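File shown here: data_18.txt, holding compact mmCIF, N, CA and C atoms.
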# COMPACT_ATOMS: atom_id res chain seq x y z
N MET G 259 -29.02 -55.34 195.11
CA MET G 259 -28.36 -54.07 194.95
C MET G 259 -27.83 -54.00 193.52
N ARG G 260 -28.03 -52.84 192.89
CA ARG G 260 -27.62 -52.64 191.51
C ARG G 260 -26.66 -51.46 191.41
N ASN G 261 -26.06 -51.31 190.24
CA ASN G 261 -25.19 -50.16 189.93
C ASN G 261 -24.08 -50.00 190.95
N ILE G 262 -23.34 -51.03 191.22
CA ILE G 262 -22.32 -51.00 192.25
C ILE G 262 -21.07 -50.29 191.74
N THR G 263 -20.58 -49.33 192.54
CA THR G 263 -19.35 -48.59 192.24
C THR G 263 -18.52 -48.51 193.52
N TRP G 264 -17.25 -48.19 193.39
CA TRP G 264 -16.41 -48.00 194.57
C TRP G 264 -15.73 -46.65 194.50
N HIS G 265 -15.49 -46.09 195.69
CA HIS G 265 -14.90 -44.75 195.81
C HIS G 265 -13.93 -44.74 196.98
N THR G 266 -12.88 -43.94 196.87
CA THR G 266 -11.90 -43.79 197.94
C THR G 266 -11.83 -42.33 198.34
N GLY G 267 -11.81 -42.08 199.63
CA GLY G 267 -11.72 -40.72 200.14
C GLY G 267 -11.95 -40.68 201.63
N ARG G 268 -12.30 -39.49 202.13
CA ARG G 268 -12.56 -39.29 203.56
C ARG G 268 -14.05 -39.41 203.83
N LEU G 269 -14.40 -40.05 204.92
CA LEU G 269 -15.79 -40.26 205.28
C LEU G 269 -16.27 -39.13 206.18
N ARG G 270 -17.42 -38.54 205.87
CA ARG G 270 -18.01 -37.45 206.66
C ARG G 270 -19.45 -37.79 207.02
N LEU G 271 -19.83 -37.41 208.22
CA LEU G 271 -21.21 -37.59 208.68
C LEU G 271 -22.05 -36.41 208.21
N ILE G 272 -23.17 -36.69 207.60
CA ILE G 272 -24.11 -35.63 207.22
C ILE G 272 -25.24 -35.56 208.23
N GLU G 273 -25.83 -36.73 208.53
CA GLU G 273 -26.98 -36.74 209.43
C GLU G 273 -27.16 -38.14 210.03
N ARG G 274 -27.58 -38.18 211.28
CA ARG G 274 -27.96 -39.47 211.89
C ARG G 274 -29.43 -39.67 211.57
N LEU G 275 -29.75 -40.77 210.92
CA LEU G 275 -31.13 -41.08 210.55
C LEU G 275 -31.82 -41.79 211.72
N PRO G 276 -33.14 -41.83 211.73
CA PRO G 276 -33.83 -42.57 212.78
C PRO G 276 -33.40 -44.04 212.79
N SER G 277 -33.33 -44.62 213.97
CA SER G 277 -32.94 -46.03 214.09
C SER G 277 -33.97 -46.92 213.42
N SER G 278 -33.54 -48.13 213.09
CA SER G 278 -34.45 -49.09 212.47
C SER G 278 -35.47 -49.57 213.49
N ARG G 279 -36.42 -50.33 213.04
CA ARG G 279 -37.45 -50.87 213.91
C ARG G 279 -36.85 -51.72 215.04
N ASN G 280 -35.72 -52.36 214.75
CA ASN G 280 -35.04 -53.20 215.74
C ASN G 280 -34.05 -52.43 216.59
N GLY G 281 -33.95 -51.12 216.39
CA GLY G 281 -33.09 -50.28 217.21
C GLY G 281 -31.66 -50.12 216.73
N ASN G 282 -31.36 -50.57 215.53
CA ASN G 282 -30.00 -50.44 215.00
C ASN G 282 -29.80 -49.05 214.38
N PRO G 283 -28.61 -48.45 214.58
CA PRO G 283 -28.37 -47.09 214.08
C PRO G 283 -28.26 -47.04 212.56
N ARG G 284 -28.63 -45.87 212.01
CA ARG G 284 -28.51 -45.61 210.57
C ARG G 284 -27.92 -44.23 210.39
N TYR G 285 -27.17 -44.04 209.30
CA TYR G 285 -26.50 -42.76 209.04
C TYR G 285 -26.64 -42.36 207.58
N LEU G 286 -26.63 -41.06 207.36
CA LEU G 286 -26.49 -40.49 206.03
C LEU G 286 -25.08 -39.91 206.00
N CYS G 287 -24.23 -40.41 205.11
CA CYS G 287 -22.81 -40.07 205.09
C CYS G 287 -22.40 -39.56 203.71
N ALA G 288 -21.17 -39.10 203.63
CA ALA G 288 -20.59 -38.68 202.36
C ALA G 288 -19.16 -39.19 202.30
N ILE G 289 -18.75 -39.65 201.14
CA ILE G 289 -17.36 -40.00 200.88
C ILE G 289 -16.80 -38.87 200.01
N MET G 290 -15.83 -38.14 200.54
CA MET G 290 -15.31 -36.97 199.87
C MET G 290 -14.07 -37.35 199.07
N ASP G 291 -14.22 -37.37 197.74
CA ASP G 291 -13.11 -37.69 196.85
C ASP G 291 -12.08 -36.58 196.85
N SER G 292 -12.54 -35.35 196.93
CA SER G 292 -11.65 -34.19 196.93
C SER G 292 -12.13 -33.23 198.02
N PRO G 293 -11.57 -33.32 199.23
CA PRO G 293 -12.06 -32.50 200.34
C PRO G 293 -11.94 -31.00 200.12
N THR G 294 -10.95 -30.56 199.35
CA THR G 294 -10.78 -29.12 199.15
C THR G 294 -11.86 -28.55 198.23
N GLN G 295 -12.35 -29.36 197.28
CA GLN G 295 -13.37 -28.89 196.36
C GLN G 295 -14.77 -29.31 196.76
N GLY G 296 -14.87 -30.18 197.75
CA GLY G 296 -16.19 -30.62 198.21
C GLY G 296 -16.88 -31.60 197.28
N LEU G 297 -16.10 -32.36 196.51
CA LEU G 297 -16.68 -33.34 195.60
C LEU G 297 -16.80 -34.69 196.28
N GLY G 298 -17.91 -35.38 196.04
CA GLY G 298 -18.06 -36.70 196.64
C GLY G 298 -19.44 -37.27 196.39
N TRP G 299 -19.75 -38.36 197.10
CA TRP G 299 -21.01 -39.07 196.99
C TRP G 299 -21.67 -39.15 198.36
N THR G 300 -22.98 -39.01 198.39
CA THR G 300 -23.72 -39.22 199.63
C THR G 300 -24.39 -40.58 199.56
N PHE G 301 -24.51 -41.21 200.71
CA PHE G 301 -25.11 -42.54 200.77
C PHE G 301 -25.67 -42.80 202.17
N ARG G 302 -26.48 -43.85 202.29
CA ARG G 302 -27.05 -44.27 203.56
C ARG G 302 -26.47 -45.63 203.94
N THR G 303 -26.56 -45.93 205.23
CA THR G 303 -26.24 -47.29 205.64
C THR G 303 -27.50 -48.12 205.53
N GLN G 304 -27.34 -49.42 205.37
CA GLN G 304 -28.50 -50.30 205.22
C GLN G 304 -29.24 -50.46 206.54
N VAL G 305 -30.50 -50.79 206.45
CA VAL G 305 -31.31 -51.06 207.63
C VAL G 305 -30.86 -52.38 208.23
N ASP G 306 -30.72 -52.42 209.56
CA ASP G 306 -30.34 -53.63 210.30
C ASP G 306 -29.06 -54.27 209.77
N SER G 307 -28.07 -53.44 209.52
CA SER G 307 -26.78 -53.90 209.03
C SER G 307 -25.70 -53.54 210.05
N MET G 308 -24.62 -54.31 210.08
CA MET G 308 -23.49 -54.01 210.97
C MET G 308 -22.77 -52.74 210.55
N HIS G 309 -23.03 -52.24 209.35
CA HIS G 309 -22.38 -51.00 208.91
C HIS G 309 -22.76 -49.83 209.81
N GLY G 310 -23.93 -49.87 210.39
CA GLY G 310 -24.36 -48.80 211.30
C GLY G 310 -23.46 -48.69 212.51
N TYR G 311 -22.84 -49.77 212.90
CA TYR G 311 -21.92 -49.77 214.04
C TYR G 311 -20.47 -49.55 213.60
N LYS G 312 -20.14 -49.89 212.38
CA LYS G 312 -18.77 -49.80 211.88
C LYS G 312 -18.42 -48.41 211.34
N VAL G 313 -19.37 -47.76 210.69
CA VAL G 313 -19.13 -46.48 210.02
C VAL G 313 -18.67 -45.37 210.98
N PRO G 314 -19.22 -45.22 212.20
CA PRO G 314 -18.76 -44.11 213.06
C PRO G 314 -17.27 -44.16 213.41
N ASN G 315 -16.63 -45.30 213.27
CA ASN G 315 -15.20 -45.40 213.55
C ASN G 315 -14.36 -44.61 212.55
N TYR G 316 -14.92 -44.27 211.39
CA TYR G 316 -14.18 -43.58 210.34
C TYR G 316 -14.55 -42.10 210.19
N PHE G 317 -15.53 -41.60 210.94
CA PHE G 317 -15.96 -40.21 210.80
C PHE G 317 -14.84 -39.24 211.19
N ASP G 318 -14.61 -38.25 210.32
CA ASP G 318 -13.70 -37.13 210.59
C ASP G 318 -12.31 -37.53 211.05
N ARG G 319 -11.81 -38.62 210.52
CA ARG G 319 -10.44 -39.03 210.79
C ARG G 319 -9.59 -38.74 209.56
N ASP G 320 -8.30 -38.66 209.75
CA ASP G 320 -7.39 -38.34 208.65
C ASP G 320 -6.89 -39.60 207.95
N ILE G 321 -7.81 -40.52 207.68
CA ILE G 321 -7.48 -41.73 206.93
C ILE G 321 -8.44 -41.85 205.76
N ASP G 322 -7.97 -42.43 204.70
CA ASP G 322 -8.83 -42.67 203.54
C ASP G 322 -9.48 -44.04 203.69
N VAL G 323 -10.73 -44.12 203.27
CA VAL G 323 -11.45 -45.39 203.27
C VAL G 323 -11.94 -45.66 201.86
N THR G 324 -12.15 -46.91 201.57
CA THR G 324 -12.72 -47.33 200.29
C THR G 324 -14.09 -47.90 200.57
N VAL G 325 -15.09 -47.35 199.90
CA VAL G 325 -16.47 -47.82 200.08
C VAL G 325 -16.99 -48.35 198.76
N THR G 326 -17.87 -49.32 198.87
CA THR G 326 -18.59 -49.84 197.72
C THR G 326 -20.03 -49.42 197.89
N LEU G 327 -20.57 -48.71 196.89
CA LEU G 327 -21.92 -48.18 196.95
C LEU G 327 -22.77 -48.80 195.86
N GLY G 328 -24.05 -48.92 196.12
CA GLY G 328 -24.97 -49.44 195.14
C GLY G 328 -26.35 -48.83 195.32
N THR G 329 -27.22 -49.05 194.37
CA THR G 329 -28.59 -48.54 194.44
C THR G 329 -29.47 -49.62 195.05
N HIS G 330 -30.16 -49.27 196.12
CA HIS G 330 -31.06 -50.20 196.81
C HIS G 330 -32.36 -49.47 197.10
N TYR G 331 -33.44 -49.91 196.48
CA TYR G 331 -34.75 -49.26 196.61
C TYR G 331 -34.68 -47.76 196.28
N GLY G 332 -33.92 -47.42 195.25
CA GLY G 332 -33.87 -46.05 194.77
C GLY G 332 -32.96 -45.11 195.54
N HIS G 333 -32.18 -45.62 196.49
CA HIS G 333 -31.27 -44.79 197.28
C HIS G 333 -29.85 -45.34 197.16
N CYS G 334 -28.89 -44.43 197.15
CA CYS G 334 -27.49 -44.84 197.16
C CYS G 334 -27.19 -45.39 198.55
N THR G 335 -26.73 -46.65 198.61
CA THR G 335 -26.59 -47.37 199.87
C THR G 335 -25.21 -47.99 199.98
N LEU G 336 -24.67 -48.00 201.20
CA LEU G 336 -23.37 -48.59 201.48
C LEU G 336 -23.43 -50.11 201.38
N ASP G 337 -22.49 -50.69 200.64
CA ASP G 337 -22.41 -52.15 200.53
C ASP G 337 -21.23 -52.69 201.34
N SER G 338 -20.08 -51.99 201.30
CA SER G 338 -18.92 -52.41 202.10
C SER G 338 -18.04 -51.19 202.38
N ILE G 339 -17.23 -51.31 203.43
CA ILE G 339 -16.31 -50.24 203.81
C ILE G 339 -15.05 -50.87 204.36
N ARG G 340 -13.88 -50.26 204.03
CA ARG G 340 -12.61 -50.72 204.58
C ARG G 340 -11.59 -49.59 204.48
N GLU G 341 -10.55 -49.67 205.30
CA GLU G 341 -9.48 -48.69 205.25
C GLU G 341 -8.66 -48.88 203.98
N SER G 342 -8.24 -47.78 203.38
CA SER G 342 -7.39 -47.86 202.19
C SER G 342 -5.96 -48.15 202.63
N VAL G 343 -5.26 -48.84 201.79
CA VAL G 343 -3.87 -49.20 202.09
C VAL G 343 -2.93 -48.17 201.55

In structure tokens, how does this file's structure come out?
Amino acid sequence: MRNITWHTGRLRLIERLPSSRNGNPRYLCAIMDSPTQGLGWTFRTQVDSMHGYKVPNYFDRDIDVTVTLGTHYGHCTLDSIRESV
């Protein structure tokens, strides 16, 4: 993974992607830095990663999360996620 950056904001679901070959869920999400202006980053969860099971816990909640994003095979991909303090 290259070009790693981190962002803090609210996590939003854009689309549920087809499951991986092994049946693990995948998502297309957005981290909204400024919810009133609609600014943020879109990213995918990795194939066969535990992030597919962890990410839905943060959808549309009133808590900020910090995500680490990177470029993987030409797509912005989630590397880590945690609640902001």

task = Can you pull out every residue within 6.5 Å of Cys334 in chain G, counting only N, CA and C atoms, but drop anything in the same chain fewer than 4 positions away, and send it as an MDAnalysis selection string?
result = chainID G and resid 300:302 327:330

Within 9 Å of range 270-285 of chain G: each range 304-324 of chain G residue with its shortest pair, only C-alpha atoms, as a Markdown table:
| residue | atom | partner | partner_atom | distance |
| --- | --- | --- | --- | --- |
| G:Gln304 | CA | G:Arg284 | CA | 7.1 |
| G:Val305 | CA | G:Ser278 | CA | 6.1 |
| G:Asp306 | CA | G:Asn282 | CA | 5.7 |
| G:Ser307 | CA | G:Asn282 | CA | 7.6 |
| G:Met308 | CA | G:Asn282 | CA | 8.4 |
| G:His309 | CA | G:Arg284 | CA | 8.3 |
| G:Gly310 | CA | G:Pro283 | CA | 5.2 |
| G:Tyr311 | CA | G:Pro283 | CA | 7.0 |
| G:Val313 | CA | G:Tyr285 | CA | 8.3 |
| G:Pro314 | CA | G:Leu271 | CA | 8.2 |
| G:Tyr316 | CA | G:Arg270 | CA | 8.1 |
| G:Phe317 | CA | G:Arg270 | CA | 5.4 |
| G:Asp318 | CA | G:Arg270 | CA | 5.8 |
| G:Arg319 | CA | G:Arg270 | CA | 8.8 |

task = Name the residues in contact with Leu269 in chain G at a cut-off of 12 Å, using only C-alpha atoms, excluding same-chain residues fewer than 3 positions from it; report them as JSON, numbers by chain.
result = {"G": [265, 266, 272, 285, 286, 287, 288, 289, 290, 291, 292, 293, 296, 297, 298, 299, 300, 301, 312, 313, 314, 315, 316, 317, 318, 319, 320, 321, 322, 323, 324, 325, 336, 339, 340, 341, 342]}

request  = Can you check which residues of chain G DSSP gives as alpha helix (DSSP H) on the backbone and send them as an NGL selection string?
outcome  = :G and (309-312)

key: strand (DSSP E) positions in range 285-315 of chain G, given as number ranges by chain   = G: 285-292, 297-302

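Taking atom C of Arg260 in chain G and atom C of His333 in chain G as the two end points, the separation is 9.0 Å.
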
request  = Calculate how many Å separate CA of Gln295 in chain G from atom C of Trp264 in chain G, rounding to one decimal.
outcome  = 18.0 Å

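When atom C of Ile262 in chain G is paired with atom C of Thr326 in chain G, their separation reads 6.3 Å.
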